[in-house]
Amino acid sequence: MTLMHGIGKNRFVVFGRAGMDMFADPIGTKSEHAESFRADLGGSSANICAGLCKLGSASALVTSVSDDAVGRFCLNRLAHYGVDTAYIKKVGGEYRMSLAVYESCMEDFQNVIYRNGAVDFQVTPEDVDRVDYSAFGALITAGTVFAAEPSRGATFRAFENARAAGLPVLFDIDYRPYSWPSPQVAAEVLSRAGEEADMIVGNDEEFGFMAGGLEKGLDKARELALRPGRVVIYKKGSEGAVTFSDGEEIKTGIFPVTAVKPNGAGDSFMAGLLAALADGRDMRDSVLRGSACASIVVSKAGCAPAMPTTAELETFLASHPGPTDS
């Protein structure tokens, strides 16, 4: 199955973490001064799942959650957004869900992540073998799953299972240094995942990290894009993105907004990009719609709750002056 044919099925199986987000309320309140926090779904892969569902796509999350109140909270929120939770395993003992505590303000933004005994690393090869890959069009993974065993080996096994079922593999680099034992291990493992993927999405720092230096990142993206049929998207923050597809270099801008926080943009970008491609839009338009989704998310509190619906995305695009020049 080709990359675009798989995406066109509009049914995605997603590997990676779910977690709880707690963000200071109201907007503009610093965490250390907050008297109340809002709680909702978080975690990069869970956010991508929620974003896809809100845009009319189908998604299923493959992960582990703690067998406690916080784990059940995350399962309930996944269900609320329409995410298929059939492949999520509950794990007892001292394993815990990820927790992110952050604020909705750009000045000196703080996002405190708790990952001690992270339960999402407990996905096993047996767990990924339970997935009915034939029910999906493409596999998505975020890079955090590769930071520790057994989820690292299990996710590479999922790549093999996907290949056997004819599914393309979509890889969001999502490098989080705090999850890894060392930068050297991270560079080696993430590079392997990139080599095995049919679509690679990352920012300039992530490609630079994989290449051994920020200045080498764009060349690394170009190198990865040499494989026929592979799409590589090199995000440059406020400078937009460069997409390498079918021998083309497609440069796109961003949709400027008044941001209230920086996080969640990448997850929303991925959801918007894939939903647009699944809808039959061309690559440039799809990247721009992903960029619009990212702008919407950073302009609102929270991550999963800030992901736009299709109607909200269309309203934003109709009212916004348009993207910056690339």
# chains A, B, ... in the order shown; residues from 1 in each chain; ligands from 1
>>> residues_around(residues="Tyr114 of chain A", least_positions_apart="5", cutoff="9 Å", atoms="only C-alpha atoms", output="count of residues only")
5
>>> residues_around(residues="segment 55-72 of chain A", least_positions_apart="4", cutoff="9 Å", atoms="only C-alpha atoms", output="JSON, numbers by chain")
{"A": [10, 11, 12, 13, 14, 15, 16, 17, 18, 19, 20, 45, 46, 48, 49, 50, 51, 76, 77, 78, 82, 83, 84, 85, 86, 87, 88, 89, 90, 91, 92, 93, 94, 95, 96, 97, 118, 119, 120, 121, 122, 123, 127, 128, 131, 136, 151, 271, 272, 274, 275, 276, 278, 307, 308, 309, 310, 311, 313]}
>>> closest_residue(among="A:Ala162, A:Phe156, A:Ser179, A:Leu218", to="Gly194 of chain A", atoms="only C-alpha atoms")
A:Phe156
>>> select_by_dssp(residues="segment 37-145 of chain A", states="strand (DSSP E or B)", output="VMD selection string")
chain A and resid 37 to 42 58 to 66 84 88 to 91 96 98 to 102 111 to 114 118 138 to 142
>>> residues_around(residues="segment 27-41 of chain A", least_positions_apart="3", cutoff="10 Å", atoms="only C-alpha atoms", output="JSON, numbers by chain")
{"A": [18, 19, 20, 21, 22, 23, 24, 44, 46, 47, 50, 73, 74, 75, 76, 77, 78, 80, 81, 99, 100, 101, 102, 103, 104, 105, 106, 107, 108, 109, 110, 111, 112, 260, 261, 300, 301, 302, 303, 304, 305]}
>>> select_by_dssp(residues="segment 272-317 of chain A", states="alpha helix (DSSP H)", output="PyMOL selection string")
chain A and resi 272-278+283-298+310-317
>>> closest_residue(among="A:Ser299, A:Asn263, A:Thr2, A:Ser134", to="Gly42 of chain A", atoms="only C-alpha atoms")
A:Asn263
>>> atom_distance(atom1="atom CA of Gly247 of chain A", atom2="atom CA of Lys235 of chain A")
17.7 Å
>>> atom_distance(atom1="atom CA of Val257 of chain A", atom2="atom CA of Gly322 of chain A")
10.7 Å
>>> residues_around(residues="segment 317-321 of chain A", least_positions_apart="5", cutoff="9 Å", atoms="only C-alpha atoms", output="list in words")
Phe255, Pro256, Arg289, Ala292 and Glu312 of chain A
>>> closest_residue(among="A:Thr243, A:Leu273, A:Pro262, A:Glu248", to="Ile7 of chain A", atoms="only C-alpha atoms")
A:Leu273
>>> atom_distance(atom1="atom CA of Tyr133 of chain A", atom2="atom CA of Met1 of chain A")
12.6 Å
>>> residues_around(residues="Ala187 of chain A", least_positions_apart="3", cutoff="7 Å", atoms="only C-alpha atoms", output="number ranges by chain")
A: 183-184, 190-191, 209-210
>>> closest_residue(among="A:Asp129, A:Gly153, A:Phe316, A:Pro177", to="Ile113 of chain A", atoms="only C-alpha atoms")
A:Pro177
>>> residues_around(residues="Ala225 of chain A", least_positions_apart="2", cutoff="9 Å", atoms="only C-alpha atoms", output="number ranges by chain")
A: 199-200, 220-223, 227-232, 244-247
>>> write_last_selection(atoms="C-alpha atoms", output="PDB file, in the first residue's frame")
ATOM      1  CA  MET A 199       6.603   9.864   6.371  1.00  0.00           C
ATOM      2  CA  ILE A 200       8.809  11.773   8.824  1.00  0.00           C
ATOM      3  CA  LYS A 220      19.399  15.368   6.915  1.00  0.00           C
ATOM      4  CA  ALA A 221      15.781  15.932   5.896  1.00  0.00           C
ATOM      5  CA  ARG A 222      16.808  16.102   2.227  1.00  0.00           C
ATOM      6  CA  GLU A 223      18.806  12.903   2.610  1.00  0.00           C
ATOM      7  CA  ARG A 227      13.931   7.305  -0.814  1.00  0.00           C
ATOM      8  CA  PRO A 228      11.194   7.092  -3.457  1.00  0.00           C
ATOM      9  CA  GLY A 229       7.703   7.527  -2.065  1.00  0.00           C
ATOM     10  CA  ARG A 230       8.809   8.982   1.271  1.00  0.00           C
ATOM     11  CA  VAL A 231       7.554  12.368   2.496  1.00  0.00           C
ATOM     12  CA  VAL A 232       9.650  14.437   4.905  1.00  0.00           C
ATOM     13  CA  PHE A 244      10.033  17.117   0.548  1.00  0.00           C
ATOM     14  CA  SER A 245       7.665  15.066  -1.607  1.00  0.00           C
ATOM     15  CA  ASP A 246       8.134  13.384  -5.004  1.00  0.00           C
ATOM     16  CA  GLY A 247      11.331  15.318  -5.697  1.00  0.00           C
TER      17      GLY A 247
END
>>> decode(residues="segment 47-158 of chain A", atoms="C-alpha atoms", output="PDB file, in the first residue's frame")
ATOM      1  CA  ASN A  47      -3.444  14.509  21.310  1.00  0.00           C
ATOM      2  CA  ILE A  48      -2.908  13.385  17.709  1.00  0.00           C
ATOM      3  CA  CYS A  49      -5.712  10.827  18.152  1.00  0.00           C
ATOM      4  CA  ALA A  50      -8.092  13.436  19.545  1.00  0.00           C
ATOM      5  CA  GLY A  51      -7.165  15.903  16.813  1.00  0.00           C
ATOM      6  CA  LEU A  52      -7.827  13.337  14.098  1.00  0.00           C
ATOM      7  CA  CYS A  53     -11.212  12.397  15.527  1.00  0.00           C
ATOM      8  CA  LYS A  54     -12.291  16.032  15.825  1.00  0.00           C
ATOM      9  CA  LEU A  55     -11.452  16.459  12.130  1.00  0.00           C
ATOM     10  CA  GLY A  56     -13.571  13.467  11.122  1.00  0.00           C
ATOM     11  CA  SER A  57     -10.869  10.781  10.930  1.00  0.00           C
ATOM     12  CA  ALA A  58     -10.836   7.522  12.895  1.00  0.00           C
ATOM     13  CA  SER A  59      -8.024   6.739  15.321  1.00  0.00           C
ATOM     14  CA  ALA A  60      -7.129   4.020  17.794  1.00  0.00           C
ATOM     15  CA  LEU A  61      -4.452   4.435  20.462  1.00  0.00           C
ATOM     16  CA  VAL A  62      -2.099   1.614  21.442  1.00  0.00           C
ATOM     17  CA  THR A  63      -0.570   2.266  24.860  1.00  0.00           C
ATOM     18  CA  SER A  64      -0.633   1.297  28.533  1.00  0.00           C
ATOM     19  CA  VAL A  65      -2.375   3.241  31.294  1.00  0.00           C
ATOM     20  CA  SER A  66      -2.158   2.954  35.060  1.00  0.00           C
ATOM     21  CA  ASP A  67      -4.941   0.988  36.746  1.00  0.00           C
ATOM     22  CA  ASP A  68      -5.995   3.908  38.928  1.00  0.00           C
ATOM     23  CA  ALA A  69      -8.131   7.039  38.901  1.00  0.00           C
ATOM     24  CA  VAL A  70      -5.779   9.003  36.626  1.00  0.00           C
ATOM     25  CA  GLY A  71      -5.582   6.161  34.126  1.00  0.00           C
ATOM     26  CA  ARG A  72      -9.368   5.930  34.091  1.00  0.00           C
ATOM     27  CA  PHE A  73      -9.594   9.706  33.667  1.00  0.00           C
ATOM     28  CA  CYS A  74      -7.448   9.457  30.527  1.00  0.00           C
ATOM     29  CA  LEU A  75      -9.516   6.552  29.169  1.00  0.00           C
ATOM     30  CA  ASN A  76     -12.690   8.547  29.742  1.00  0.00           C
ATOM     31  CA  ARG A  77     -11.292  11.593  27.953  1.00  0.00           C
ATOM     32  CA  LEU A  78     -10.085   9.487  25.024  1.00  0.00           C
ATOM     33  CA  ALA A  79     -13.594   8.064  24.719  1.00  0.00           C
ATOM     34  CA  HIS A  80     -15.020  11.591  24.977  1.00  0.00           C
ATOM     35  CA  TYR A  81     -13.040  12.612  21.887  1.00  0.00           C
ATOM     36  CA  GLY A  82     -14.051   9.460  20.009  1.00  0.00           C
ATOM     37  CA  VAL A  83     -10.722   7.616  20.166  1.00  0.00           C
ATOM     38  CA  ASP A  84     -10.831   3.805  19.994  1.00  0.00           C
ATOM     39  CA  THR A  85      -9.372   2.459  23.266  1.00  0.00           C
ATOM     40  CA  ALA A  86      -9.669  -1.267  22.503  1.00  0.00           C
ATOM     41  CA  TYR A  87      -5.880  -1.729  22.387  1.00  0.00           C
ATOM     42  CA  ILE A  88      -5.070   0.065  25.634  1.00  0.00           C
ATOM     43  CA  LYS A  89      -3.790  -2.130  28.478  1.00  0.00           C
ATOM     44  CA  LYS A  90      -4.251  -1.325  32.174  1.00  0.00           C
ATOM     45  CA  VAL A  91      -1.152  -1.899  34.314  1.00  0.00           C
ATOM     46  CA  GLY A  92      -1.191  -2.129  38.114  1.00  0.00           C
ATOM     47  CA  GLY A  93       1.565  -1.568  40.653  1.00  0.00           C
ATOM     48  CA  GLU A  94       3.614   1.610  40.881  1.00  0.00           C
ATOM     49  CA  TYR A  95       3.541   2.611  37.207  1.00  0.00           C
ATOM     50  CA  ARG A  96       1.966   6.015  36.642  1.00  0.00           C
ATOM     51  CA  MET A  97       0.455   8.147  33.899  1.00  0.00           C
ATOM     52  CA  SER A  98       2.402  11.092  32.567  1.00  0.00           C
ATOM     53  CA  LEU A  99       1.405  14.419  34.093  1.00  0.00           C
ATOM     54  CA  ALA A 100       2.035  17.832  32.550  1.00  0.00           C
ATOM     55  CA  VAL A 101       1.488  20.991  34.599  1.00  0.00           C
ATOM     56  CA  TYR A 102       1.645  24.171  32.557  1.00  0.00           C
ATOM     57  CA  GLU A 103       0.193  27.617  32.058  1.00  0.00           C
ATOM     58  CA  SER A 104      -1.467  29.610  29.307  1.00  0.00           C
ATOM     59  CA  CYS A 105       1.019  32.432  28.898  1.00  0.00           C
ATOM     60  CA  MET A 106       3.997  32.874  26.592  1.00  0.00           C
ATOM     61  CA  GLU A 107       6.274  34.912  28.849  1.00  0.00           C
ATOM     62  CA  ASP A 108       8.630  32.578  30.720  1.00  0.00           C
ATOM     63  CA  PHE A 109       6.362  29.657  29.813  1.00  0.00           C
ATOM     64  CA  GLN A 110       6.753  26.673  32.126  1.00  0.00           C
ATOM     65  CA  ASN A 111       5.706  23.093  31.409  1.00  0.00           C
ATOM     66  CA  VAL A 112       6.584  20.706  34.243  1.00  0.00           C
ATOM     67  CA  ILE A 113       6.495  17.067  33.100  1.00  0.00           C
ATOM     68  CA  TYR A 114       6.288  14.124  35.502  1.00  0.00           C
ATOM     69  CA  ARG A 115       7.502  10.887  33.896  1.00  0.00           C
ATOM     70  CA  ASN A 116       8.766   8.821  36.844  1.00  0.00           C
ATOM     71  CA  GLY A 117       7.713   5.195  36.387  1.00  0.00           C
ATOM     72  CA  ALA A 118       5.889   6.106  33.170  1.00  0.00           C
ATOM     73  CA  VAL A 119       3.332   3.421  32.418  1.00  0.00           C
ATOM     74  CA  ASP A 120       3.305   3.996  28.648  1.00  0.00           C
ATOM     75  CA  PHE A 121       6.750   2.375  28.385  1.00  0.00           C
ATOM     76  CA  GLN A 122       5.132  -0.932  29.427  1.00  0.00           C
ATOM     77  CA  VAL A 123       3.727  -1.744  25.991  1.00  0.00           C
ATOM     78  CA  THR A 124       5.027  -5.199  25.018  1.00  0.00           C
ATOM     79  CA  PRO A 125       5.421  -7.160  21.757  1.00  0.00           C
ATOM     80  CA  GLU A 126       2.382  -9.209  22.796  1.00  0.00           C
ATOM     81  CA  ASP A 127       0.355  -5.999  23.049  1.00  0.00           C
ATOM     82  CA  VAL A 128       1.235  -4.845  19.544  1.00  0.00           C
ATOM     83  CA  ASP A 129       0.579  -8.313  18.125  1.00  0.00           C
ATOM     84  CA  ARG A 130      -3.037  -8.040  19.328  1.00  0.00           C
ATOM     85  CA  VAL A 131      -3.727  -5.158  16.949  1.00  0.00           C
ATOM     86  CA  ASP A 132      -5.789  -5.889  13.839  1.00  0.00           C
ATOM     87  CA  TYR A 133      -3.626  -3.928  11.412  1.00  0.00           C
ATOM     88  CA  SER A 134      -5.929  -4.775   8.508  1.00  0.00           C
ATOM     89  CA  ALA A 135      -8.548  -2.470  10.051  1.00  0.00           C
ATOM     90  CA  PHE A 136      -6.349   0.605   9.485  1.00  0.00           C
ATOM     91  CA  GLY A 137      -4.754   2.496   6.636  1.00  0.00           C
ATOM     92  CA  ALA A 138      -1.594   3.761   8.334  1.00  0.00           C
ATOM     93  CA  LEU A 139       0.445   3.520  11.538  1.00  0.00           C
ATOM     94  CA  ILE A 140       1.505   6.674  13.408  1.00  0.00           C
ATOM     95  CA  THR A 141       4.059   6.841  16.186  1.00  0.00           C
ATOM     96  CA  ALA A 142       5.623   9.635  18.207  1.00  0.00           C
ATOM     97  CA  GLY A 143       9.286   9.317  19.131  1.00  0.00           C
ATOM     98  CA  THR A 144       8.770   9.080  22.892  1.00  0.00           C
ATOM     99  CA  VAL A 145       7.821   5.383  22.625  1.00  0.00           C
ATOM    100  CA  PHE A 146      11.407   4.572  21.646  1.00  0.00           C
ATOM    101  CA  ALA A 147      12.994   6.065  24.769  1.00  0.00           C
ATOM    102  CA  ALA A 148      12.817   2.876  26.895  1.00  0.00           C
ATOM    103  CA  GLU A 149      12.067  -0.824  26.821  1.00  0.00           C
ATOM    104  CA  PRO A 150       9.838  -2.723  26.393  1.00  0.00           C
ATOM    105  CA  SER A 151       7.949  -0.129  24.310  1.00  0.00           C
ATOM    106  CA  ARG A 152      10.973   0.532  22.078  1.00  0.00           C
ATOM    107  CA  GLY A 153      11.262  -3.034  20.852  1.00  0.00           C
ATOM    108  CA  ALA A 154       7.488  -3.426  20.804  1.00  0.00           C
ATOM    109  CA  THR A 155       7.037  -0.429  18.519  1.00  0.00           C
ATOM    110  CA  PHE A 156       9.711  -1.603  16.097  1.00  0.00           C
ATOM    111  CA  ARG A 157       7.827  -4.915  16.067  1.00  0.00           C
ATOM    112  CA  ALA A 158       4.661  -2.954  15.296  1.00  0.00           C
TER     113      ALA A 158
END
